[in-house]
Protein chains: 4
Amino acid sequence: MLVVMQAHASDEQVRAVCDRIESLGLKPHPIPGSTRTAIGVTGNKGAIDLGVLESMPGVVECIPVSKPYKLVSRDVKEEDTIVRIPTPLGEVAFGGQSVGMVAGPCAVESLDQSLAIAERIAAAGVKLFRGGAYKPRTSPYSFQGLGEPGLQVLAKVRERFGLGIITEAVDNESLDLVEQYADVIQIGARNMQNFSLLKRAGRAKKPVLLKRGMSATLDEFLMAAEYIMAEGNYNVILCERGVRTFSDFTRNTLDLSVIPAVKKRSHLPIVVDPSHGTGRRHKVLPLSRAGIAAGADGLLVEVHHQPDRALSDGMQSILPDEFDQLVAEVRQIAAVLHRVLN
Amino acid sequence: MLVVMQAHASDEQVRAVCDRIESLGLKPHPIPGSTRTAIGVTGNKGAIDLGVLESMPGVVECIPVSKPYKLVSRDVKEEDTIVRIPTPLGEVAFGGQSVGMVAGPCAVESLDQSLAIAERIAAAGVKLFRGGAYKPRTSPYSFQGLGEPGLQVLAKVRERFGLGIITEAVDNESLDLVEQYADVIQIGARNMQNFSLLKRAGRAKKPVLLKRGMSATLDEFLMAAEYIMAEGNYNVILCERGVRTFSDFTRNTLDLSVIPAVKKRSHLPIVVDPSHGTGRRHKVLPLSRAGIAAGADGLLVEVHHQPDRALSDGMQSILPDEFDQLVAEVRQIAAVLHRVLN
Amino acid sequence: MLVVMQAHASDEQVRAVCDRIESLGLKPHPIPGSTRTAIGVTGNKGAIDLGVLESMPGVVECIPVSKPYKLVSRDVKEEDTIVRIPTPLGEVAFGGQSVGMVAGPCAVESLDQSLAIAERIAAAGVKLFRGGAYKPRTSPYSFQGLGEPGLQVLAKVRERFGLGIITEAVDNESLDLVEQYADVIQIGARNMQNFSLLKRAGRAKKPVLLKRGMSATLDEFLMAAEYIMAEGNYNVILCERGVRTFSDFTRNTLDLSVIPAVKKRSHLPIVVDPSHGTGRRHKVLPLSRAGIAAGADGLLVEVHHQPDRALSDGMQSILPDEFDQLVAEVRQIAAVLHRVLN
Amino acid sequence: MLVVMQAHASDEQVRAVCDRIESLGLKPHPIPGSTRTAIGVTGNKGAIDLGVLESMPGVVECIPVSKPYKLVSRDVKEEDTIVRIPTPLGEVAFGGQSVGMVAGPCAVESLDQSLAIAERIAAAGVKLFRGGAYKPRTSPYSFQGLGEPGLQVLAKVRERFGLGIITEAVDNESLDLVEQYADVIQIGARNMQNFSLLKRAGRAKKPVLLKRGMSATLDEFLMAAEYIMAEGNYNVILCERGVRTFSDFTRNTLDLSVIPAVKKRSHLPIVVDPSHGTGRRHKVLPLSRAGIAAGADGLLVEVHHQPDRALSDGMQSILPDEFDQLVAEVRQIAAVLHRVLN
């Protein structure tokens, strides 16, 4: 923490702040400058909120210096974490030289729908299938997902095509079931700071895919992962899915710079969801290519064989033929970065 | 829904879109313009997602027209809803000519702390006390609240001073307890789209104070209230607490224009939280006055007798003496609008 | 400037950064912490950009500490600046105990229109008239203002009713003319970082009303004022007119917290434009009251006697009768803060 | 334009709105729906602002349907515009199958600096050099550029290495000079809505590179290009350089989705500036690759041989060796899209 004093702060004011810091068991380091004094603070283990110093006379502002995350940080683990998902078709890895691919419909609508799409996903050489059985929807009157029968559909997709399953949990009850049926538990953007759910996911035995909240800063995103890891689950895959900005021609603004930013601070893998990230079918291919080119460790793509009949998010789902093209292009771009799609 | 065609869309393309609309059981109304054709769509009861028309040849965009909310809407109920909270000290009303006041610490830290603050709140003529027993914190290593013992402290505050209690629930388990102990159940900003929790709150017998999410649009905010009302709980108080923007001198940007915007669309009362809304002590008074001047139905203010020892949010808590001044000023401004503080 | 090192930065890396700082003629102050070292830097007069240290091995980030502004700062001048505008009807002051009022149409459309509106403005007891002769419009095909004939209309308004004139300049040529005709030169939001225009305004002999840019941070806003003051013109009135955010129910998001934030850092007066700040007629009264309640030193309000025939911004103009009500309400709220409307 | 009525709007209110539309010389098309009536409006050539209908009794909102731009639109010109820049080293094309490359320092600092960097740029096979002689800086105390002597340095770079020159104009005076010295005139983000400057650029005989404003919507961006084209200059290259959001780990948020969005609406080429778009050296390579993968028609990259001695933006400048790697990687990614770097 650095405490910045006003230019005309008196010596007494500087001293009072230093005394206050010491009374909290910490050590002040006054740095007199040409126009003002700043006071460095050391010894804080994170438990003390120093923001209150900001209201002392003569103080301009308090600037936090240490980052609050630990387990997610490269300070703790320098090499990249590679999250490996075993599936009947073989292992899929996210991180290192491996770029993982996940595809499927936004929502599980029926057995027929899921099988029809899964067949094309598997045919494209992809090993992980996504599809929501629990759907967080803005309106209570929209389709809310099939619930456990939807999970049973996913189990049949797994059985028939050997695809591993990623599906979302929205509360502790659904997480109990998702943990049984799925290979990866997804936590959605709206629940990124549902700390009760994060703690439960941290006690699960399956890897977790954690989506960035719609207005999450990088620190908040990493701290959400820290909640999961602090409970003992180290298999966390981060997912950028667009953030909310003034920009009005996409549903969200896909913030691809977060990829090198995460890689600088954390060892965890990060994937991109270009479907929610743009909300428009014709932007999914360009932004999928861009995500991999920016260094993402994978993609999460919505595919539907009949998007104009989809019960949710049909606008952003691509057709199986478009998905084939996507896989082909992305594979070539991964190769430019000496990486392999799997 | 309005479907806008490209300027050079062919007659066939317009006809294909109309056919598609009819095949969905809806009625198309083509409106030929000087440069392009638009197609109005009627008959949609909300179940069909027409966004997919956007990918048909010749279509530029689909513009939703009907608002998706029902029970929260002034279309359904024209007069203002007044939410009345009975407390041992007497009823507090939010809405109509009544401006309700709530104050207390960010978190319940101990019985002594809560009683010391509550004494000053009651002395200021306020009848509702706030204080968190369950605290959603960005870091898993920050103080997470006392849990049920914190609720027991609040029960003692109620008993000793006659103050009604507002406190936050963060999951279904804590909501069960909060419903027993509190007079009003608070749903925090981070849980505004925790739909599982909203449904549970909708089945509660106590009024609900619903905070706006950090990046919630007005529609999303009202739809979250709709989730609660759709389960049968009509006593909902909305709360503006600041949104996330690029603006960097406050913790959040308090969006006071939401007050007249809500009042135009909905009959529900809306209050302002200037403490989270600004995150800085010296901004709490000015923005409290501004909130009431803008037409808010109440305030939710953080007060602490020792803010520099607070376990959370000390930076934004005001002192009891400042709170006395706040009540006095706000009372006068309410009077300018012919309203009464209670 | 504070340079934060990585937790595992080596002593060599810390020393290399210190050496680099010294080679730039500055003084490094290493502060060893429990988990990492930070290095304070003193002696920088603002000319050296230290951001580049961020790319040295072992460095996490560089945090600027000193604020770059000087003349606008309370560090330089502690007491409030009161900008006084002489008009034929008497002086109008912005700042201190005085709340200044400005009203008029968005654009000067004709002599008849301007006189009709001015008559009502003057009758409401207001002494400053606004109206644009040069209109920055998003589309080249929209009404661009009358130009110099518009300024001549304003001169007649001044002559007939004794009202002082505030009008916008959009480039050096129009500023030359505005300086002749007007009492206050307005710089619009789109030109807040048109530094060439700011410098020209700094050499003008008339006070300047500077609007905040649509996405200006507080530092950028104050630095724009610094450009004007650095050229010798100290009569600057700041104006909050809403910023661009995701929030979609208003044209802009009025950021009233900027008022206490400016007052903490700067001695300059700040007024609010609730018309552009909300973009909707029914929000102008509530947000005008809120602005004054938050401590603004004045208002800039769009009034039109026939808003549905206005050539620009009719949606956000209020009627003269509504303006009378606004003045009455705002006067009472100013009184609560012991201030006087003029 | 579509006018949406309230659910309980009376027939009289609907009729009054229709009458008002007719009195403006336009044609109303009422569309009665199951819950409410909407009224389509045709015949508007853009001159009439219908927003005012929003304040009539019974009206909920007015939704604009026609886009206001013309010359920039694909409605007017379906095929891609290819902007071709002749340089002594040969032509550089932006658009179609051609991806154009521009590189150089943020600011022209001296002849030696510019020649040293230009030598490396030319050696990398690039034909266009960028460097600012007029620098818009947030602070009046920061380096403001060399002015015309800087343009003379650029002329020497052109002469010595055969590189074409792109440099920024900040007002009408500097544009006169830039037009003489440069091959492409740059309009910066802060001046995107400096309409006086846009009109002057529209009368210039050289192509214009127009940067997106920091908070410009897509419509505003395209309308700024329309200002230039409306004056007769059709050689406009758009440039995405990051927008301002809450996201705090980059200087700006690079909004790559704008590329497919522009390509859907406009025939103009669009390039990406990853240097300003991220503000951090280690993000320039990943986001350059991402920009080309997303379909951009070129890149504008800041390169400096001694970034830690740069007078501006050293933090975001890459070294010549990194630039060589960038060119190699980007060339391969362009090839995946069947495009050629030039």
# chains A, B, ... in the order shown; residues from 1 in each chain; ligands from 1
>>> residues_around(residues="segment 183-197 of chain B", least_positions_apart="2", cutoff="9 Å", atoms="only C-alpha atoms", output="VMD selection string")
(chain A and resid 136 to 138 140 170 to 171 190 to 194) or (chain B and resid 85 to 87 128 136 164 to 172 175 178 to 181 199 to 202 204 206 to 214 216 220 to 221 224 to 225 227 to 228 241)
>>> residues_around(residues="Ala328 of chain A", least_positions_apart="4", cutoff="12 Å", atoms="only C-alpha atoms", output="PyMOL selection string")
(chain A and resi 101+124-126+285+288-289+321-324+332-335+340-341) or (chain D and resi 336-337)
>>> write_last_selection(atoms="N, CA and C atoms", output="PDB file, in the first residue's frame")
ATOM      1  N   MET A 101     -10.828 -27.828 -27.775  1.00  0.00           N
ATOM      2  CA  MET A 101     -11.995 -27.402 -28.542  1.00  0.00           C
ATOM      3  C   MET A 101     -13.252 -27.970 -27.883  1.00  0.00           C
ATOM      4  N   ALA A 124     -16.251 -33.724 -36.714  1.00  0.00           N
ATOM      5  CA  ALA A 124     -15.256 -32.667 -36.951  1.00  0.00           C
ATOM      6  C   ALA A 124     -13.969 -32.929 -36.174  1.00  0.00           C
ATOM      7  N   GLY A 125     -13.935 -34.044 -35.438  1.00  0.00           N
ATOM      8  CA  GLY A 125     -12.719 -34.397 -34.713  1.00  0.00           C
ATOM      9  C   GLY A 125     -12.619 -33.781 -33.333  1.00  0.00           C
ATOM     10  N   VAL A 126     -13.739 -33.250 -32.855  1.00  0.00           N
ATOM     11  CA  VAL A 126     -13.750 -32.605 -31.538  1.00  0.00           C
ATOM     12  C   VAL A 126     -14.191 -33.618 -30.498  1.00  0.00           C
ATOM     13  N   LEU A 285     -16.852 -16.836 -36.591  1.00  0.00           N
ATOM     14  CA  LEU A 285     -15.622 -17.318 -37.235  1.00  0.00           C
ATOM     15  C   LEU A 285     -14.476 -16.329 -37.089  1.00  0.00           C
ATOM     16  N   SER A 288     -13.262 -16.328 -33.512  1.00  0.00           N
ATOM     17  CA  SER A 288     -12.635 -17.584 -33.111  1.00  0.00           C
ATOM     18  C   SER A 288     -11.183 -17.600 -33.572  1.00  0.00           C
ATOM     19  N   ARG A 289     -10.986 -17.231 -34.829  1.00  0.00           N
ATOM     20  CA  ARG A 289      -9.606 -17.149 -35.349  1.00  0.00           C
ATOM     21  C   ARG A 289      -8.789 -16.160 -34.526  1.00  0.00           C
ATOM     22  N   ASP A 321     -21.726 -26.942 -40.872  1.00  0.00           N
ATOM     23  CA  ASP A 321     -20.774 -26.707 -41.968  1.00  0.00           C
ATOM     24  C   ASP A 321     -19.830 -25.550 -41.665  1.00  0.00           C
ATOM     25  N   GLU A 322     -20.396 -24.509 -41.074  1.00  0.00           N
ATOM     26  CA  GLU A 322     -19.542 -23.380 -40.679  1.00  0.00           C
ATOM     27  C   GLU A 322     -18.547 -23.825 -39.609  1.00  0.00           C
ATOM     28  N   PHE A 323     -18.997 -24.728 -38.742  1.00  0.00           N
ATOM     29  CA  PHE A 323     -18.104 -25.209 -37.691  1.00  0.00           C
ATOM     30  C   PHE A 323     -16.931 -25.986 -38.284  1.00  0.00           C
ATOM     31  N   ASP A 324     -17.202 -26.775 -39.324  1.00  0.00           N
ATOM     32  CA  ASP A 324     -16.107 -27.502 -39.986  1.00  0.00           C
ATOM     33  C   ASP A 324     -15.055 -26.523 -40.503  1.00  0.00           C
ATOM     34  N   GLN A 332      -5.069 -24.191 -38.519  1.00  0.00           N
ATOM     35  CA  GLN A 332      -3.933 -23.586 -39.224  1.00  0.00           C
ATOM     36  C   GLN A 332      -3.325 -22.428 -38.436  1.00  0.00           C
ATOM     37  N   ILE A 333      -4.197 -21.655 -37.800  1.00  0.00           N
ATOM     38  CA  ILE A 333      -3.661 -20.520 -37.030  1.00  0.00           C
ATOM     39  C   ILE A 333      -2.916 -21.016 -35.797  1.00  0.00           C
ATOM     40  N   ALA A 334      -3.446 -22.056 -35.153  1.00  0.00           N
ATOM     41  CA  ALA A 334      -2.736 -22.650 -34.009  1.00  0.00           C
ATOM     42  C   ALA A 334      -1.343 -23.103 -34.445  1.00  0.00           C
ATOM     43  N   ALA A 335      -1.260 -23.655 -35.646  1.00  0.00           N
ATOM     44  CA  ALA A 335       0.029 -24.141 -36.140  1.00  0.00           C
ATOM     45  C   ALA A 335       1.031 -23.003 -36.298  1.00  0.00           C
ATOM     46  N   VAL A 340      -1.173 -27.205 -31.126  1.00  0.00           N
ATOM     47  CA  VAL A 340      -1.959 -28.266 -31.740  1.00  0.00           C
ATOM     48  C   VAL A 340      -3.373 -28.258 -31.181  1.00  0.00           C
ATOM     49  N   LEU A 341      -4.334 -28.302 -32.080  1.00  0.00           N
ATOM     50  CA  LEU A 341      -5.740 -28.358 -31.696  1.00  0.00           C
ATOM     51  C   LEU A 341      -6.074 -29.767 -31.237  1.00  0.00           C
TER      52      LEU A 341
ATOM     53  N   VAL D 336      -3.533 -17.817 -44.193  1.00  0.00           N
ATOM     54  CA  VAL D 336      -4.639 -18.722 -43.846  1.00  0.00           C
ATOM     55  C   VAL D 336      -5.963 -18.156 -44.387  1.00  0.00           C
ATOM     56  N   LEU D 337      -6.063 -16.832 -44.421  1.00  0.00           N
ATOM     57  CA  LEU D 337      -7.270 -16.177 -44.947  1.00  0.00           C
ATOM     58  C   LEU D 337      -7.133 -15.857 -46.439  1.00  0.00           C
TER      59      LEU D 337
END
>>> select_by_dssp(residues="segment 25-194 of chain A", states="strand (DSSP E)", output="count of residues only")
42
>>> interface_residues(of="chain B", to="chain C", cutoff="10 Å", atoms="only C-alpha atoms", output="PyMOL selection string")
chain B and resi 215-219+243-250+252-262+264+274+277-278+280+282-296+328-337
>>> residues_around(residues="Phe143 of chain B", least_positions_apart="3", cutoff="10 Å", atoms="only C-alpha atoms", output="list in words")
Ala47 and Ile48 of chain A; Ala107, Glu109, Tyr134, Lys135, Pro136, Arg137, Ser139, Pro140, Leu146, Leu311 and Ser312 of chain B
>>> write_last_selection(atoms="all heavy atoms", output="mmCIF file, in the first residue's frame")
data_model
loop_
_atom_site.group_PDB
_atom_site.id
_atom_site.type_symbol
_atom_site.label_atom_id
_atom_site.label_comp_id
_atom_site.auth_asym_id
_atom_site.auth_seq_id
_atom_site.Cartn_x
_atom_site.Cartn_y
_atom_site.Cartn_z
ATOM 1 N N ALA A 47 -4.972 -8.908 5.690
ATOM 2 C CA ALA A 47 -6.155 -8.913 6.551
ATOM 3 C C ALA A 47 -6.643 -7.501 6.880
ATOM 4 O O ALA A 47 -7.791 -7.296 7.224
ATOM 5 C CB ALA A 47 -5.844 -9.663 7.844
ATOM 6 N N ILE A 48 -5.755 -6.518 6.776
ATOM 7 C CA ILE A 48 -6.113 -5.162 7.208
ATOM 8 C C ILE A 48 -6.461 -4.294 6.003
ATOM 9 O O ILE A 48 -5.697 -4.209 5.048
ATOM 10 C CB ILE A 48 -4.947 -4.543 8.011
ATOM 11 C CG1 ILE A 48 -4.610 -5.442 9.208
ATOM 12 C CG2 ILE A 48 -5.314 -3.138 8.471
ATOM 13 C CD1 ILE A 48 -3.362 -5.034 9.937
ATOM 14 N N ALA B 107 -20.934 -4.430 7.764
ATOM 15 C CA ALA B 107 -20.993 -5.788 8.308
ATOM 16 C C ALA B 107 -21.270 -5.756 9.805
ATOM 17 O O ALA B 107 -20.829 -4.849 10.505
ATOM 18 C CB ALA B 107 -19.670 -6.509 8.065
ATOM 19 N N GLU B 109 -20.104 -6.866 13.056
ATOM 20 C CA GLU B 109 -18.783 -7.327 13.486
ATOM 21 C C GLU B 109 -18.832 -7.910 14.891
ATOM 22 O O GLU B 109 -18.106 -8.846 15.212
ATOM 23 C CB GLU B 109 -17.786 -6.167 13.428
ATOM 24 C CG GLU B 109 -17.602 -5.641 12.003
ATOM 25 C CD GLU B 109 -16.864 -4.307 11.947
ATOM 26 O OE1 GLU B 109 -16.274 -3.915 12.974
ATOM 27 O OE2 GLU B 109 -16.898 -3.663 10.889
ATOM 28 N N TYR B 134 -23.803 -12.114 6.226
ATOM 29 C CA TYR B 134 -23.194 -12.876 5.130
ATOM 30 C C TYR B 134 -22.640 -11.844 4.154
ATOM 31 O O TYR B 134 -23.391 -11.040 3.611
ATOM 32 C CB TYR B 134 -24.223 -13.763 4.435
ATOM 33 C CG TYR B 134 -24.863 -14.758 5.379
ATOM 34 C CD1 TYR B 134 -26.024 -14.443 6.076
ATOM 35 C CD2 TYR B 134 -24.264 -16.001 5.608
ATOM 36 C CE1 TYR B 134 -26.591 -15.336 6.976
ATOM 37 C CE2 TYR B 134 -24.822 -16.908 6.509
ATOM 38 C CZ TYR B 134 -25.987 -16.572 7.188
ATOM 39 O OH TYR B 134 -26.532 -17.456 8.073
ATOM 40 N N LYS B 135 -21.321 -11.845 3.963
ATOM 41 C CA LYS B 135 -20.684 -10.807 3.155
ATOM 42 C C LYS B 135 -20.061 -11.391 1.901
ATOM 43 O O LYS B 135 -19.091 -12.148 1.988
ATOM 44 C CB LYS B 135 -19.562 -10.133 3.960
ATOM 45 C CG LYS B 135 -19.991 -9.456 5.243
ATOM 46 C CD LYS B 135 -20.987 -8.347 5.040
ATOM 47 C CE LYS B 135 -20.549 -7.320 4.031
ATOM 48 N NZ LYS B 135 -21.673 -6.372 3.704
ATOM 49 N N PRO B 136 -20.566 -11.059 0.722
ATOM 50 C CA PRO B 136 -19.887 -11.494 -0.503
ATOM 51 C C PRO B 136 -18.644 -10.637 -0.708
ATOM 52 O O PRO B 136 -18.752 -9.425 -0.870
ATOM 53 C CB PRO B 136 -20.927 -11.227 -1.602
ATOM 54 C CG PRO B 136 -22.030 -10.449 -0.977
ATOM 55 C CD PRO B 136 -21.719 -10.206 0.458
ATOM 56 N N ARG B 137 -17.483 -11.241 -0.642
ATOM 57 C CA ARG B 137 -16.227 -10.488 -0.747
ATOM 58 C C ARG B 137 -15.425 -10.963 -1.948
ATOM 59 O O ARG B 137 -15.361 -12.168 -2.216
ATOM 60 C CB ARG B 137 -15.389 -10.687 0.531
ATOM 61 C CG ARG B 137 -16.082 -10.213 1.808
ATOM 62 C CD ARG B 137 -16.427 -8.743 1.798
ATOM 63 N NE ARG B 137 -15.263 -7.904 1.720
ATOM 64 C CZ ARG B 137 -14.545 -7.514 2.772
ATOM 65 N NH1 ARG B 137 -14.879 -7.908 3.985
ATOM 66 N NH2 ARG B 137 -13.500 -6.730 2.617
ATOM 67 N N SER B 139 -12.329 -11.346 -2.336
ATOM 68 C CA SER B 139 -11.269 -12.280 -1.974
ATOM 69 C C SER B 139 -11.753 -13.323 -0.977
ATOM 70 O O SER B 139 -12.456 -12.994 -0.021
ATOM 71 C CB SER B 139 -10.103 -11.514 -1.345
ATOM 72 O OG SER B 139 -9.226 -12.410 -0.672
ATOM 73 N N PRO B 140 -11.367 -14.604 -1.168
ATOM 74 C CA PRO B 140 -11.742 -15.632 -0.192
ATOM 75 C C PRO B 140 -11.043 -15.427 1.144
ATOM 76 O O PRO B 140 -11.411 -16.058 2.136
ATOM 77 C CB PRO B 140 -11.273 -16.938 -0.851
ATOM 78 C CG PRO B 140 -10.223 -16.544 -1.822
ATOM 79 C CD PRO B 140 -10.575 -15.157 -2.289
ATOM 80 N N LEU B 146 -20.240 -12.953 9.961
ATOM 81 C CA LEU B 146 -20.338 -13.846 11.120
ATOM 82 C C LEU B 146 -21.317 -14.987 10.905
ATOM 83 O O LEU B 146 -21.375 -15.924 11.709
ATOM 84 C CB LEU B 146 -20.781 -13.044 12.354
ATOM 85 C CG LEU B 146 -19.848 -11.930 12.835
ATOM 86 C CD1 LEU B 146 -20.475 -11.214 14.035
ATOM 87 C CD2 LEU B 146 -18.479 -12.498 13.216
ATOM 88 N N LEU B 311 -14.269 -3.848 9.594
ATOM 89 C CA LEU B 311 -13.720 -5.034 8.933
ATOM 90 C C LEU B 311 -14.006 -5.037 7.439
ATOM 91 O O LEU B 311 -13.480 -5.851 6.703
ATOM 92 C CB LEU B 311 -14.282 -6.310 9.578
ATOM 93 C CG LEU B 311 -13.804 -6.553 11.012
ATOM 94 C CD1 LEU B 311 -14.427 -7.820 11.585
ATOM 95 C CD2 LEU B 311 -12.277 -6.662 11.062
ATOM 96 N N SER B 312 -14.908 -4.179 6.988
ATOM 97 C CA SER B 312 -15.127 -4.043 5.543
ATOM 98 C C SER B 312 -15.696 -2.667 5.239
ATOM 99 O O SER B 312 -16.452 -2.115 6.032
ATOM 100 C CB SER B 312 -16.068 -5.130 5.008
ATOM 101 O OG SER B 312 -17.356 -4.964 5.527
#
>>> decode(residues="segment 260-279 of chain D", atoms="N, CA and C atoms", output="mmCIF file, in the first residue's frame")
data_model
loop_
_atom_site.group_PDB
_atom_site.id
_atom_site.type_symbol
_atom_site.label_atom_id
_atom_site.label_comp_id
_atom_site.auth_asym_id
_atom_site.auth_seq_id
_atom_site.Cartn_x
_atom_site.Cartn_y
_atom_site.Cartn_z
ATOM 1 N N PRO D 260 -15.665 -7.371 -38.398
ATOM 2 C CA PRO D 260 -16.803 -7.914 -39.160
ATOM 3 C C PRO D 260 -18.019 -6.987 -39.167
ATOM 4 N N ALA D 261 -18.187 -6.186 -38.109
ATOM 5 C CA ALA D 261 -19.349 -5.285 -38.073
ATOM 6 C C ALA D 261 -19.222 -4.207 -39.146
ATOM 7 N N VAL D 262 -18.032 -3.631 -39.297
ATOM 8 C CA VAL D 262 -17.816 -2.635 -40.348
ATOM 9 C C VAL D 262 -18.005 -3.287 -41.710
ATOM 10 N N LYS D 263 -17.445 -4.465 -41.880
ATOM 11 C CA LYS D 263 -17.495 -5.112 -43.202
ATOM 12 C C LYS D 263 -18.934 -5.439 -43.605
ATOM 13 N N LYS D 264 -19.814 -5.656 -42.616
ATOM 14 C CA LYS D 264 -21.213 -5.920 -42.961
ATOM 15 C C LYS D 264 -21.904 -4.654 -43.458
ATOM 16 N N ARG D 265 -21.542 -3.512 -42.883
ATOM 17 C CA ARG D 265 -22.254 -2.274 -43.195
ATOM 18 C C ARG D 265 -21.574 -1.398 -44.243
ATOM 19 N N SER D 266 -20.244 -1.474 -44.332
ATOM 20 C CA SER D 266 -19.515 -0.516 -45.160
ATOM 21 C C SER D 266 -18.534 -1.215 -46.089
ATOM 22 N N HIS D 267 -18.199 -0.545 -47.174
ATOM 23 C CA HIS D 267 -17.236 -1.063 -48.156
ATOM 24 C C HIS D 267 -15.824 -0.580 -47.869
ATOM 25 N N LEU D 268 -15.649 0.269 -46.835
ATOM 26 C CA LEU D 268 -14.332 0.849 -46.563
ATOM 27 C C LEU D 268 -13.406 -0.159 -45.875
ATOM 28 N N PRO D 269 -12.103 -0.067 -46.123
ATOM 29 C CA PRO D 269 -11.156 -0.930 -45.410
ATOM 30 C C PRO D 269 -10.978 -0.468 -43.964
ATOM 31 N N ILE D 270 -10.617 -1.393 -43.107
ATOM 32 C CA ILE D 270 -10.378 -1.071 -41.697
ATOM 33 C C ILE D 270 -9.108 -1.756 -41.216
ATOM 34 N N VAL D 271 -8.259 -0.993 -40.547
ATOM 35 C CA VAL D 271 -7.013 -1.525 -40.000
ATOM 36 C C VAL D 271 -7.055 -1.447 -38.475
ATOM 37 N N VAL D 272 -6.065 -2.081 -37.842
ATOM 38 C CA VAL D 272 -6.006 -2.143 -36.384
ATOM 39 C C VAL D 272 -4.705 -1.514 -35.893
ATOM 40 N N ASP D 273 -4.801 -0.742 -34.832
ATOM 41 C CA ASP D 273 -3.623 -0.183 -34.162
ATOM 42 C C ASP D 273 -3.481 -0.904 -32.821
ATOM 43 N N PRO D 274 -2.669 -1.976 -32.779
ATOM 44 C CA PRO D 274 -2.560 -2.760 -31.545
ATOM 45 C C PRO D 274 -1.719 -2.056 -30.489
ATOM 46 N N SER D 275 -1.009 -1.010 -30.876
ATOM 47 C CA SER D 275 -0.126 -0.326 -29.922
ATOM 48 C C SER D 275 -0.960 0.554 -28.987
ATOM 49 N N HIS D 276 -1.751 1.467 -29.558
ATOM 50 C CA HIS D 276 -2.661 2.230 -28.705
ATOM 51 C C HIS D 276 -3.770 1.325 -28.178
ATOM 52 N N GLY D 277 -4.128 0.329 -28.963
ATOM 53 C CA GLY D 277 -5.244 -0.536 -28.594
ATOM 54 C C GLY D 277 -4.983 -1.326 -27.331
ATOM 55 N N THR D 278 -3.726 -1.496 -26.973
ATOM 56 C CA THR D 278 -3.439 -2.249 -25.748
ATOM 57 C C THR D 278 -2.613 -1.405 -24.779
ATOM 58 N N GLY D 279 -1.690 -0.599 -25.325
ATOM 59 C CA GLY D 279 -0.888 0.257 -24.458
ATOM 60 C C GLY D 279 0.237 -0.465 -23.740
#
